[in-house]
Each structure stands twice: as structure tokens, then as C-alpha cells.
Amino acid sequence: MAIRVKVMRRPEREVSYLRATLKGMAVTFSHLLQPKVTMQYPEETAQEGFWHLSSRWRGTHRMLTDEQGRAKCVACGLCPQICPANCIKLVPGEDEDGHRYPLIYEIDEFRCVFCGYCQEVCPEEAIHVGVHYENAEYQRERFVYDLERLCAQTHPVSTLWDPSDPRGE
Amino acid sequence: MTPELKGLLLVSAIKVLLVFVALLVGVLVVIWVERRGAGFMQDRLGPNRVGPLGLLQNVADGLKNLVKEEVVPARADRVIFYLAPLMSFVTALILFAVIPFGAPLPPFDVTLPLLGRVVHEGPIPLMVADLPVGFLFIIAISSVAVYGITLAGWASNSKYSLLGGLRASAQMISYELALGSSLIVVLLLAGNVMLSEIVAAQQRMVWFVFAATLAYLMLHIAAFAETNRLPFDLPEAEAELVAGYHAEYSAMKYAMFPLSEYVALITMSAFITTLFFGGWDIPFTAWDEQAAATWSLGAVLRTSMTALVFLGKTFFFVWVFVWVRWTLPRFRYDQLMFLGWKVLLPTALAYIVVMATAVLVLERWGIAQDWKYGLILFLVNVPLVAAVVFGLDRRRVLAGTQRRVPMEG
Amino acid sequence: MREVVFWGFSGVALAAALLCVTRRSAVASALWLVLTLFSLAGLFVLLDAQFIAAIQVLVYAGAIMVLFLFVIMLLNLGRAGPSDMRGWLGRGVAALLGVGLAVELWVLVRIVRGGGFAAETAAYPLPPGELARVQQAEGAVGMLAEPLFRQYLVPFEITSVLLLAAIVGAVVLAKRKI
């Protein structure tokens with residue numbers, strides 16, 4: 001069966017232009033008095049109140065830490081492997097107990113496409129994309145986040161999209 | 001120099017300065033009203049950061065335009081390219097010269113320091129020049145205003161600009177006919193083209209919006225076209241012509257065009273006020289109409305009150321212009337020409353005949369030009385307006401896309 | 001004072017008219033012609049004929065010249081083509097017309113000066129301030145309307161018939177099917 005196309009039935013007779021004009025002016029005037037939707041950005045932010053970011057928002061990364069303040073990352077190498085933008089640089093290291101840890105862990109946020117695969121693939125739930133959008137910097141170099149900086153981030157982390165709960169309820 | 005000449009020069013200089021400053025400040029306010037009004041009608045706030053309530057936004061924009069880079073397109077006609085914005089700005093500014101904006105002030109005879117004895121005989125009319133040609137001056141100069149736009153379009157050496165300029169000239173000539181024809185009715189009623197006389201005639205009778213309603217409606221429609229405002233802003237139609245005639249302009253030369261557009265907007269509003277809404281007349285009262293012979297608090301109060309009333313009326317029409325701009329979509333070009341030539345012009349001509357007959361009959365009957373005269377004319381106007389509105393409404397005047405037969409499927 | 005203004009306007013009118021016929025670009029010519037028309041309007045004001053001045057600006061500078069510009073732009077006459085005055089024949093005709101115009105002007109000036117060919121057709125100057133007085137009494141429009149629609153009604157109507165013929169001709173030329 002062909003795709004159903006809805007055909008708008010337009011009135012055959014001429015539509016009154018004057019009446020439509022006056023109606024339109026009434027509409028614009030009523031909107032004049034209605035509450036405004038503008039967010040006064042620097043004073044109001046989208047963190048709280050009327051405007052809020054979705055908990056599935058994928059912003060700049062955050063590395064979670066354990067109780068001793070060390071990164072949870074075990075340098076398994078899955079995140080640089082899956083990263084479609086190839087923006088994660090990971091050099092693994094190993095201490096005398098045989099625990100693996102990242103010697104270097106850098107994310108180039110300029111290259112990142114914020115797909116969230118790194119969070120999805122991480123077996124230790126260490127690397128996360130965050131619910132955060134204020135990223136302005138003065139130098140390009142500052143957009144390469146190193147491990148220390150990733151650990152220092154405090155913004156909430158994304159819940160990503162859950163296939164079993166597609167609407168996030 | 002005689003004291004009289006000194007008095008005339010002094011008064012003229014003060015009036016010119018006053019009108020000039022008031023117009024420029026008015027433009028800033030009107031642009032602010034337009035942008036905030038647009039914002040509010042679209043459920044947002046509009047510019048509100050610079051200064052209290054965003055009032056200084058236009059000052060900031062003006063500064064920005066002053067320091068921006070001026071770009072002249074390759075192979076543009078440089079002289080005309082520079083001349084065109086000036087042409088539209090100057091013509092827009094001098095239009096206001098003949099509009100009376102308040103009750104006349106009493107004469108004076110004083111001795112000032114530096115100037116010596118200064119005399120002004122007769123009441124001081126609150127208008128820059130009470131020309132004997134009155135509103136003819138306004139339509140003459142506004143018909144010259146089209147040069148700025150047309151030449152800007154031509155000199156830019158760009159196809160979009162050229163199309164905008166061509167559209168502007170065709171549109172403004174077409175609507176000048178409707179404008180002029182509706183003014184003839186005002187001339188019939190007032191018996192003079194001087195705007196001060198027209199205001200006086202309205203004080204004797206009724207406001208001409210009641211005595212010549214159809215003329216008012218046609219003038220208002222034509223005013224939209226003459227100021228290139230939506231729904232008739234085809235010369236700059238951004239959807240089709242990028243920005244039309246000022247597409248190639250930048251910085252201060254560009255700023256001249258919106259500036260002159262808003263000055264023309266204010267002048268048109270003041271013009272409509274003067275012709276059809278009694279000018280500086282305060283309705284239902286007569287105390288504002290007696291000319292004062294000597295300086296007193298009452299005389300000054302009278303003049304300032306009438307000036308305020310004039311300002312209020314003018315601002316109302318400015319607001320109507322803004323309101324309509326953010327409501328109506330743009331006309332198609334054939335619709336514009338259809339409305340101008342086949343609706344407004346014949347209607348205006350027929351209306352002149354009817355009104356001339358009415359005026360002649362009233363003159364034969366010997367009815368004095370007071371409020372009864374106005375009432376009779378109003379009663380003549382009611383069925384005419386009803387007929388025209390009904391005709392516009394029900395007959396196929398503006399054929400839109402509705403007439404296409406929908407595809408079956 | 002009046003003389004200074006008069007010579008100013010006449011000088012500008014003459015210079016602009018000269019520039020109008022000598023410019024190569026059609027648009028520039030049209031603009032100089034506009035300036036000429038404006039100067040003429042100024043001269044009319046000096047003669048206390050404000051109404052004529054306003055109509056001069058409104059009709060000639062405002063409407064007709066805009067139409068000229070419109071046509072020039074539509075035909076894209078921005079750059080100059082070859083002159084119409086080609087060959088000896090063209091130049092001869094042009095010179096003849098020029099001389100004819102000069103003679104006509106000379107005759108007119110003689111008539112106005114009063115030493116003319118027939119004393120009764122000689123124009124006579126109005127007393128100073130007369131026009132201004134009539135204008136004060138009857139308004140700028142009434143002053144012209146009275147004689148135009150009473151005394152000179154027939155010439156006026158003949159002119160309108162001429163214009164009507166021109167309009168009909170234009171429509172016939174422009175429209176193939178009527």
C-alpha cells in the first residue's frame with residue numbers, strides 16, 4: 001500500500017483578508033501579554049528551575065575516583081579502542097602489586113563527538129560523559145583534558161540511553 | 001539686523017534644533033519599541049541588556065556601525081553608492097518640517113544678552129515652516145525619497161540590489177497615486193493644503209477620520225507601502241532578495257537606511273495624526289484652541305499639553321506600524337500591484353466624486369462647517385466604508401494560493 | 001538677497017542642464033536633470049508660486065524622473081553607446097534644431113521685455129507681493145484652481161485629451177491582445 005498522504009482541504013471560496021488580518025493582530029497582541037520563555041543566561045542557568053538539562057545529556061567527561069582518590073580506571077584499553085573519534089590517549093602502567101593504572105589518560109574534547117561509547121564500554125564505570133555545558137577556555141591546549149583534570153570534575157554524570165527504558169522513565 | 005529678523009532666525013533655529021533632536025531621539029526609541037515589541041509578540045524579551053530595559057541598545061549598535069569596516073563592492077558606481085544613503089536620510093528628515101506639533105506660542109518682545117532686542121510678531125506656530133503648500137511638500141519630498149533606494153540598488157552592482165531598487169520605485173510610484181487621491185478628499189474638506197489650516201478645520205468640525213474615513217483607510221494602507229514596511233516591504237524582502245537594495249551596504253552607510261526608514265515611519269505617523277486625528281487638538285475640549293496673546297503659565301501649559309497629546313497620538317500610530325509588521329506576512333508582488341492599481345486607485349477616484357458631491361450639496365444647503373457638518377459627512381461615510389470593506393472581504397480581491405485545486409490522492 | 005538666490009538657482013539649473021546633456025552615463029544624466037528640475041522649483045518659489053514648485057518636484061522630479069531611471073535600469077543603459085548624432089546629416093539636424101530653439105527663446109525674451117512684436121501680448125509684471133497676497137486669501141491651490149477650471153478650462157481639457165491619447169497609444173503598443 002502506498003504511503004498515505006494527508007491532503008489539506010483548502011476552502012474553495014476566497015478567505016476574507018481583512019478578517020484574517022484583524023484576527024492575526026489579536027493573536028500577536030495576546031502574545032504580547034503572555035509569559036516569556038527567555039532564559040536570562042548568565043544569571044539563570046539550565047541546572048535548576050524551569051530549564052534543566054536531561055539526565056541523558058552527554059557533555060565533557062569526568063573520571064570517577066575510588067575512596068583513596070585514585071582514578072577507577074584500570075587501563076584496560078577498551079575506551080580508546082571503541083572511540084569513533086580517536087580522541088582518547090591511554091598509556092597503561094602497572095604497579096608492583098600487579099594493579100594496572102593509566103600512566104597517561106588524555107581526552108581531546110575538540111575531537112570528541114560525545115557519543116558516550118567510552119562510558120558504555122567501561123567495565124569499571126570509571127570514565128563518564130557529564131551533564132555539563134559551560135566549557136569555554138582561552139587556549140586551545142586547555143581542551144585536552146588530562147587525568148588529573150578529569151578526576152577533578154564535579155558535575156553530575158550522564159545516565160546515557162537505556163534500551164530497556166527508551167523514554168527514560 | 002532688525003529685531004524682527006533676529007526674532008525669526010532665533011525662533012527658527014530653536015525649532016529646527018528641537019525637531020531634529022526629537023526625531024533622532026524618537027528614532028532610537030522607535031527602534032527600541034520595534035525590537036522589544038517584536039520580542040514580546042514572539043514570547044521572548046528582546047534586547048534588554050544595554051542600559052535600563054535595553055534602551056541604550058541602539059546607541060551601542062550605532063557605535064558599532066560607526067567603527068565597522070566600510071565595504072564598497074567591485075565595479076560599483078562609487079559616487080552614487082555614497083550618495084544614495086544620504087539621499088534617503090535627508091529626504092526623510094526634512095519631511096517633518098511642515099508638521100505642526102503643538103498649539104502656537106504667544107508673540108514676544110524681549111531684550112536678550114548678546115542678541116539685543118528680539119521681536120516676534122504674531123503667534124509662533126509650533127512647526128518648522130508653515131509652508132503654503134502644506135502636505136504637497138510632504139508628498140513631493142517623499143516621492144523624491146525613492147531615489148535613495150532606487151539608486152542604492154542600482155549603484156551596488158548586484159542583481160538582488162537592482163531588483164530591490166526596481167521594486168521600490170515601481171511600488172512607491174503606484175502607491176503615491178492612492179496616497180495623493182486620498183489627500184484630495186482632505187483638501188476638499190479643509191479647503192486648503194496648509195497643515196495648520198487642516199488642524200484648524202478639524203477643530204471646527206470633527207476629526208477627519210470621521211468625516212473622511214475611507215480616505216484615512218487608504219492613506220494608512222498607502223503609508224505602509226510608502227515607508228516600505230511590512231506587509232509591503234518587497235524592496236528588501238529578505239527571503240527573495242537577501243536584503244534588497246541595501247544588501248551591499250555596510251557600517252554607517254547601511255545604518256542610514258534603517259534610520260531613514262524609522263524617521264519616515266515617525267513622520268508618516270505624525271502626518272496621519274495631523275490629517276485625520278486632529279493633530280495637536282485635544283478632543284472634547286475647546287480651551288486648547290484659543291490662541292493666547294501674552295505669555296502666561298496657561299499659554300505655556302496649553303502648548304506643552306497639546307504637544308504631549310500630539311506625541312501620544314503619533315506614538316499610537318508608530319505602535320500600529322510595529323504591530324502590523326510583526327503580524328502580517330509579505331504580499332506577493334502581483335498582489336501589491338493589484339491592490340494599488342485596481343483596488344485603491346479606482347476606490348479613491350470614486351470616493352473623490354462622492355465626497356465632492358457631498359461637500360457641494362452641503363455648501364448649497366448653506367450648512368456651516370461645524371460639528372453638524374462633520375456628522376452629516378460621517379453618515380455619508382458609514383455606508384461607503386461598509387460597502388468597500390464588504391467588497392474587499394467577499395469579492396475576489398486578493399487571490400491567494402487557496403484558489404489552486406487540491407490534488408486528489 | 002532675492003537676486004543672490006535667483007542667480008544661485010539659475011546657475012545651478014544651467015550647469016546641471018549642461019552636465020545632463022554631456023554625461024556619458026545615462027543614470028548620471030538623469031540625476032543631473034533631477035537637479036535642474038529642483039533648481040527650477042526653487043525659481044518658482046522665488047516667484048511666489050509655491051504650488052507650481054511643489055507640483056514640479058512631485059510630478060517631474062518625483063514621478064517622471066523615477067520612471068526614467070526605472071527604464072534606464074531595466075534596459076541596463078549604464079554604459080554609454082554610440083552617439084545619436086552620427087554623420088553630417090545628424091549633426092546638421094541637431095544644429096538646425098538648436099538654432100531654432102535659440103531663436104524661439106530670443107523671441108520670447110523680447111515679448112517679455114515689453115519691446116515685443118505686439119504690445120498687447122506683452123507680459124506685464126505684477127505689483128510686488130500681489131501673488132503672495134492672493135495666496136494668503138485663497139490658499140496655494142485655490143489661487144491656481146480658479147483660473148485653471150474657469151478661464152482656461154478648454155485648454156486644460158484639450159491637454160487631458162492629449163494625455164488620454166498617449167495612454168491609449170501606450171496600451172495599444174504594450175498589449176498585443178486587447
# chains A, B, ... in the order shown; residues from 1 in each chain; ligands from 1
>>> closest_atom_pairs(of="chain C", to="chain B", cutoff="8 Å", atoms="only C-alpha atoms", output="JSON lines")
{"residue": "C:Gln50", "atom": "CA", "partner": "B:Val133", "partner_atom": "CA", "distance": 6.2}
{"residue": "C:Phe51", "atom": "CA", "partner": "B:Val133", "partner_atom": "CA", "distance": 5.8}
{"residue": "C:Ala54", "atom": "CA", "partner": "B:Phe137", "partner_atom": "CA", "distance": 5.9}
{"residue": "C:Ile55", "atom": "CA", "partner": "B:Ala140", "partner_atom": "CA", "distance": 7.2}
{"residue": "C:Val57", "atom": "CA", "partner": "B:Ala140", "partner_atom": "CA", "distance": 5.7}
{"residue": "C:Leu58", "atom": "CA", "partner": "B:Ala140", "partner_atom": "CA", "distance": 4.0}
{"residue": "C:Val59", "atom": "CA", "partner": "B:Ala140", "partner_atom": "CA", "distance": 7.8}
{"residue": "C:Ala61", "atom": "CA", "partner": "B:Val144", "partner_atom": "CA", "distance": 6.7}
{"residue": "C:Gly62", "atom": "CA", "partner": "B:Ser143", "partner_atom": "CA", "distance": 4.7}
{"residue": "C:Ala63", "atom": "CA", "partner": "B:Ile173", "partner_atom": "CA", "distance": 6.5}
{"residue": "C:Val66", "atom": "CA", "partner": "B:Ser169", "partner_atom": "CA", "distance": 6.7}
{"residue": "C:Leu67", "atom": "CA", "partner": "B:Ser169", "partner_atom": "CA", "distance": 7.7}
{"residue": "C:Phe70", "atom": "CA", "partner": "B:Leu166", "partner_atom": "CA", "distance": 6.4}
{"residue": "C:Met73", "atom": "CA", "partner": "B:Trp154", "partner_atom": "CA", "distance": 7.2}
{"residue": "C:Gln135", "atom": "CA", "partner": "B:Pro132", "partner_atom": "CA", "distance": 7.8}
{"residue": "C:Gly139", "atom": "CA", "partner": "B:Asn192", "partner_atom": "CA", "distance": 5.8}
{"residue": "C:Ala140", "atom": "CA", "partner": "B:Pro132", "partner_atom": "CA", "distance": 5.8}
{"residue": "C:Val141", "atom": "CA", "partner": "B:Asn192", "partner_atom": "CA", "distance": 7.0}
{"residue": "C:Gly142", "atom": "CA", "partner": "B:Asn192", "partner_atom": "CA", "distance": 7.8}
>>> interface_residues(of="chain A", to="chain B", cutoff="6 Å", atoms="only C-alpha atoms", output="list in words")
Arg10, Ser16, Gly24, Met25, Thr28, His31, Leu32, Lys36, Val37 and Thr38 of chain A
>>> write_last_selection(atoms="N, CA, C and O atoms", output="PDB file, in the first residue's frame")
ATOM      1  N   ARG A  10      -8.388  22.883   1.258  1.00  0.00           N
ATOM      2  CA  ARG A  10      -8.429  24.335   1.410  1.00  0.00           C
ATOM      3  C   ARG A  10      -9.807  24.826   1.022  1.00  0.00           C
ATOM      4  O   ARG A  10     -10.444  24.246   0.133  1.00  0.00           O
ATOM      5  N   SER A  16     -11.538  35.715   3.707  1.00  0.00           N
ATOM      6  CA  SER A  16     -11.543  37.147   3.981  1.00  0.00           C
ATOM      7  C   SER A  16     -10.177  37.595   4.467  1.00  0.00           C
ATOM      8  O   SER A  16      -9.657  37.074   5.445  1.00  0.00           O
ATOM      9  N   GLY A  24      -5.252  38.035  13.185  1.00  0.00           N
ATOM     10  CA  GLY A  24      -3.817  37.926  13.409  1.00  0.00           C
ATOM     11  C   GLY A  24      -3.323  38.982  14.380  1.00  0.00           C
ATOM     12  O   GLY A  24      -2.492  38.702  15.248  1.00  0.00           O
ATOM     13  N   MET A  25      -3.855  40.182  14.257  1.00  0.00           N
ATOM     14  CA  MET A  25      -3.414  41.243  15.161  1.00  0.00           C
ATOM     15  C   MET A  25      -3.843  40.941  16.580  1.00  0.00           C
ATOM     16  O   MET A  25      -3.116  41.233  17.544  1.00  0.00           O
ATOM     17  N   THR A  28      -1.281  38.388  17.889  1.00  0.00           N
ATOM     18  CA  THR A  28       0.003  38.964  18.293  1.00  0.00           C
ATOM     19  C   THR A  28      -0.158  39.780  19.562  1.00  0.00           C
ATOM     20  O   THR A  28       0.724  39.784  20.418  1.00  0.00           O
ATOM     21  N   HIS A  31      -0.201  37.553  22.547  1.00  0.00           N
ATOM     22  CA  HIS A  31       1.128  37.039  22.884  1.00  0.00           C
ATOM     23  C   HIS A  31       1.983  38.087  23.581  1.00  0.00           C
ATOM     24  O   HIS A  31       2.907  37.756  24.320  1.00  0.00           O
ATOM     25  N   LEU A  32       1.653  39.342  23.321  1.00  0.00           N
ATOM     26  CA  LEU A  32       2.376  40.433  23.957  1.00  0.00           C
ATOM     27  C   LEU A  32       2.294  40.331  25.479  1.00  0.00           C
ATOM     28  O   LEU A  32       3.207  40.711  26.198  1.00  0.00           O
ATOM     29  N   LYS A  36       7.001  35.132  29.170  1.00  0.00           N
ATOM     30  CA  LYS A  36       8.081  34.970  28.201  1.00  0.00           C
ATOM     31  C   LYS A  36       8.896  33.729  28.535  1.00  0.00           C
ATOM     32  O   LYS A  36       8.974  33.306  29.681  1.00  0.00           O
ATOM     33  N   VAL A  37       9.509  33.158  27.539  1.00  0.00           N
ATOM     34  CA  VAL A  37      10.234  31.914  27.746  1.00  0.00           C
ATOM     35  C   VAL A  37      11.750  32.128  27.765  1.00  0.00           C
ATOM     36  O   VAL A  37      12.501  31.178  27.900  1.00  0.00           O
ATOM     37  N   THR A  38      12.187  33.371  27.630  1.00  0.00           N
ATOM     38  CA  THR A  38      13.620  33.616  27.556  1.00  0.00           C
ATOM     39  C   THR A  38      14.317  33.258  28.863  1.00  0.00           C
ATOM     40  O   THR A  38      13.834  33.586  29.937  1.00  0.00           O
TER      41      THR A  38
END
>>> atom_distance(atom1="CA of Tyr160 (chain B)", atom2="CA of Ile266 (chain B)")
27.9 Å
>>> select_by_dssp(residues="region 1-167 of chain C", states="alpha helix (DSSP H)", output="ChimeraX atom specification")
/C:2-22,26-46,50-55,65-75,87-113,130-149,153-167
>>> write_last_selection(atoms="C-alpha atoms", output="compact mmCIF listing (two decimals), in the first residue's frame")
# COMPACT_ATOMS: atom_id res chain seq x y z
CA ARG C 2 16.47 87.66 -3.77
CA GLU C 3 18.92 88.35 -6.59
CA VAL C 4 21.61 86.23 -4.97
CA VAL C 5 19.22 83.32 -4.56
CA PHE C 6 17.92 83.76 -8.09
CA TRP C 7 21.39 83.72 -9.63
CA GLY C 8 22.31 80.77 -7.46
CA PHE C 9 19.37 78.70 -8.61
CA SER C 10 19.73 79.73 -12.25
CA GLY C 11 23.42 78.96 -12.23
CA VAL C 12 22.83 75.53 -10.75
CA ALA C 13 20.00 74.88 -13.21
CA LEU C 14 22.16 75.82 -16.20
CA ALA C 15 25.20 73.92 -15.03
CA ALA C 16 23.16 70.83 -14.21
CA ALA C 17 21.40 71.02 -17.56
CA LEU C 18 24.76 71.22 -19.34
CA LEU C 19 26.06 68.27 -17.35
CA CYS C 20 22.86 66.40 -18.12
CA VAL C 21 23.44 66.54 -21.89
CA THR C 22 27.18 65.90 -21.74
CA ALA C 26 22.50 57.65 -18.67
CA VAL C 27 21.92 57.42 -14.93
CA ALA C 28 24.20 60.37 -14.26
CA SER C 29 22.38 62.37 -16.93
CA ALA C 30 19.04 61.58 -15.32
CA LEU C 31 20.33 62.68 -11.91
CA TRP C 32 21.63 65.97 -13.26
CA LEU C 33 18.24 66.52 -14.84
CA VAL C 34 16.66 65.98 -11.43
CA LEU C 35 18.94 68.66 -10.03
CA THR C 36 17.86 71.01 -12.84
CA LEU C 37 14.22 70.37 -12.01
CA PHE C 38 14.89 71.09 -8.35
CA SER C 39 16.56 74.39 -9.19
CA LEU C 40 13.57 75.31 -11.35
CA ALA C 41 11.32 74.55 -8.40
CA GLY C 42 13.46 76.93 -6.36
CA LEU C 43 12.95 79.62 -9.01
CA PHE C 44 9.19 79.05 -8.86
CA VAL C 45 9.27 79.58 -5.11
CA LEU C 46 11.12 82.86 -5.70
CA GLN C 50 4.89 77.57 -4.26
CA PHE C 51 2.18 75.33 -5.62
CA ILE C 52 3.88 75.09 -9.01
CA ALA C 53 7.16 74.38 -7.25
CA ALA C 54 5.65 71.56 -5.20
CA ILE C 55 3.98 70.07 -8.26
CA MET C 65 12.30 61.04 -13.46
CA VAL C 66 11.87 57.95 -11.30
CA LEU C 67 10.17 56.32 -14.28
CA PHE C 68 13.10 57.42 -16.46
CA LEU C 69 15.52 55.84 -14.01
CA PHE C 70 13.35 52.75 -13.90
CA VAL C 71 13.53 52.38 -17.67
CA ILE C 72 17.26 53.11 -17.74
CA MET C 73 17.86 50.40 -15.16
CA LEU C 74 15.58 47.92 -16.91
CA LEU C 75 17.34 48.46 -20.23
CA GLY C 87 27.40 61.76 -39.72
CA TRP C 88 26.91 65.15 -41.21
CA LEU C 89 23.17 64.74 -41.58
CA GLY C 90 22.60 64.09 -37.87
CA ARG C 91 24.85 66.92 -36.83
CA GLY C 92 23.16 69.24 -39.30
CA VAL C 93 19.70 68.42 -37.99
CA ALA C 94 20.88 68.88 -34.41
CA ALA C 95 22.46 72.23 -35.21
CA LEU C 96 19.30 73.36 -37.02
CA LEU C 97 17.10 72.42 -34.05
CA GLY C 98 19.47 74.21 -31.69
CA VAL C 99 19.37 77.37 -33.72
CA GLY C 100 15.57 77.15 -33.94
CA LEU C 101 15.31 76.86 -30.15
CA ALA C 102 17.65 79.81 -29.65
CA VAL C 103 15.52 81.96 -31.99
CA GLU C 104 12.38 80.94 -30.15
CA LEU C 105 13.92 81.88 -26.81
CA TRP C 106 15.06 85.21 -28.20
CA VAL C 107 11.51 85.98 -29.40
CA LEU C 108 10.07 85.06 -26.02
CA VAL C 109 12.54 87.24 -24.18
CA ARG C 110 11.68 90.14 -26.48
CA ILE C 111 7.98 89.70 -25.73
CA VAL C 112 8.52 89.57 -22.01
CA ARG C 113 10.76 92.62 -22.08
CA GLU C 130 0.50 90.62 -5.20
CA LEU C 131 0.81 86.87 -5.65
CA ALA C 132 1.62 86.36 -2.01
CA ARG C 133 -1.47 88.38 -1.06
CA VAL C 134 -3.77 86.32 -3.31
CA GLN C 135 -2.19 83.16 -1.97
CA GLN C 136 -2.87 84.29 1.57
CA ALA C 137 -6.51 84.89 0.70
CA GLU C 138 -7.31 81.87 -1.42
CA GLY C 139 -4.70 79.31 -0.47
CA ALA C 140 -1.96 77.98 -2.72
CA VAL C 141 -4.30 75.63 -4.54
CA GLY C 142 -7.29 77.94 -4.86
CA MET C 143 -5.13 80.61 -6.46
CA LEU C 144 -4.38 78.29 -9.35
CA ALA C 145 -7.58 76.28 -9.41
CA GLU C 146 -9.92 79.24 -10.03
CA PRO C 147 -8.41 80.37 -13.35
CA LEU C 148 -7.50 76.86 -14.40
CA PHE C 149 -11.00 75.47 -14.12
CA LEU C 153 -10.94 75.11 -18.85
CA VAL C 154 -10.85 74.36 -22.59
CA PRO C 155 -7.03 74.28 -22.91
CA PHE C 156 -6.94 72.18 -19.76
CA GLU C 157 -9.40 69.67 -21.17
CA ILE C 158 -7.58 69.56 -24.51
CA THR C 159 -4.37 68.75 -22.66
CA SER C 160 -6.11 65.93 -20.83
CA VAL C 161 -7.43 64.52 -24.11
CA LEU C 162 -3.86 64.61 -25.42
CA LEU C 163 -2.65 62.69 -22.38
CA LEU C 164 -5.50 60.23 -22.76
CA ALA C 165 -4.49 59.61 -26.36
CA ALA C 166 -0.93 59.00 -25.20
CA ILE C 167 -2.13 56.50 -22.60
>>> atom_distance(atom1="CA of Ser12 (chain B)", atom2="CA of Glu121 (chain B)")
13.5 Å
>>> atom_distance(atom1="CA of Thr21 (chain A)", atom2="CA of Ala222 (chain B)")
16.4 Å
>>> residues_around(residues="region 277-280 of chain B", least_positions_apart="2", cutoff="6 Å", atoms="only C-alpha atoms", output="number ranges by chain")
B: 101-102, 199, 202, 207, 273-274, 306, 310
>>> select_by_dssp(residues="chain A", states="strand (DSSP E)", output="list in words")
His61, Arg62, Met63, Ile88, Lys89, Leu90, Val91, Pro92, Gly93, Glu94, Arg100, Tyr101, Pro102, Leu103, Ile104, Tyr105, Glu106, Ile107, Asp108, Ile127, His128, Val129, Val144 and Tyr145 of chain A
>>> write_last_selection(atoms="N, CA and C atoms", output="short mmCIF file (atom, residue, chain, number, x, y, z; two decimals), in the first residue's frame")
data_model
loop_
_atom_site.label_atom_id
_atom_site.label_comp_id
_atom_site.auth_asym_id
_atom_site.auth_seq_id
_atom_site.Cartn_x
_atom_site.Cartn_y
_atom_site.Cartn_z
N HIS A 61 33.83 15.08 29.74
CA HIS A 61 34.00 13.86 30.51
C HIS A 61 34.32 14.11 31.97
N ARG A 62 34.16 13.04 32.72
CA ARG A 62 34.53 13.06 34.12
C ARG A 62 35.04 11.66 34.46
N MET A 63 36.12 11.61 35.21
CA MET A 63 36.66 10.31 35.65
C MET A 63 36.31 10.13 37.11
N ILE A 88 40.90 9.58 22.64
CA ILE A 88 41.40 9.19 23.97
C ILE A 88 42.82 8.64 23.82
N LYS A 89 43.73 9.19 24.60
CA LYS A 89 45.11 8.71 24.59
C LYS A 89 45.37 8.01 25.91
N LEU A 90 45.71 6.73 25.84
CA LEU A 90 45.88 5.95 27.07
C LEU A 90 47.22 5.21 27.04
N VAL A 91 48.07 5.45 28.02
CA VAL A 91 49.31 4.68 28.17
C VAL A 91 49.19 3.92 29.49
N PRO A 92 49.10 2.57 29.44
CA PRO A 92 48.87 1.82 30.68
C PRO A 92 50.17 1.64 31.47
N GLY A 93 50.00 1.55 32.76
CA GLY A 93 51.14 1.27 33.61
C GLY A 93 50.75 0.19 34.62
N GLU A 94 51.70 -0.36 35.38
CA GLU A 94 51.39 -1.42 36.33
C GLU A 94 52.24 -1.21 37.56
N ARG A 100 46.83 -2.55 37.34
CA ARG A 100 47.06 -1.68 36.18
C ARG A 100 46.44 -0.31 36.44
N TYR A 101 47.12 0.69 35.99
CA TYR A 101 46.57 2.06 36.11
C TYR A 101 47.07 2.87 34.91
N PRO A 102 46.39 3.93 34.57
CA PRO A 102 46.82 4.75 33.42
C PRO A 102 47.99 5.64 33.78
N LEU A 103 49.07 5.52 33.02
CA LEU A 103 50.17 6.46 33.17
C LEU A 103 49.77 7.81 32.57
N ILE A 104 49.25 7.72 31.37
CA ILE A 104 48.72 8.92 30.73
C ILE A 104 47.29 8.62 30.32
N TYR A 105 46.37 9.50 30.68
CA TYR A 105 45.00 9.37 30.18
C TYR A 105 44.54 10.76 29.76
N GLU A 106 44.45 10.98 28.46
CA GLU A 106 44.07 12.31 27.97
C GLU A 106 42.89 12.19 27.02
N ILE A 107 41.95 13.10 27.14
CA ILE A 107 40.83 13.16 26.18
C ILE A 107 40.87 14.52 25.49
N ASP A 108 40.94 14.50 24.17
CA ASP A 108 40.89 15.74 23.40
C ASP A 108 39.42 16.09 23.16
N ILE A 127 35.19 6.06 33.44
CA ILE A 127 35.04 7.24 32.60
C ILE A 127 33.56 7.47 32.30
N HIS A 128 33.15 8.73 32.41
CA HIS A 128 31.75 9.08 32.15
C HIS A 128 31.69 10.35 31.30
N VAL A 129 30.62 10.45 30.53
CA VAL A 129 30.33 11.77 29.97
C VAL A 129 29.43 12.48 30.97
N VAL A 144 42.51 19.72 25.89
CA VAL A 144 42.97 18.35 26.09
C VAL A 144 42.96 18.09 27.59
N TYR A 145 41.97 17.35 28.05
CA TYR A 145 41.82 17.12 29.49
C TYR A 145 42.72 15.96 29.90
#
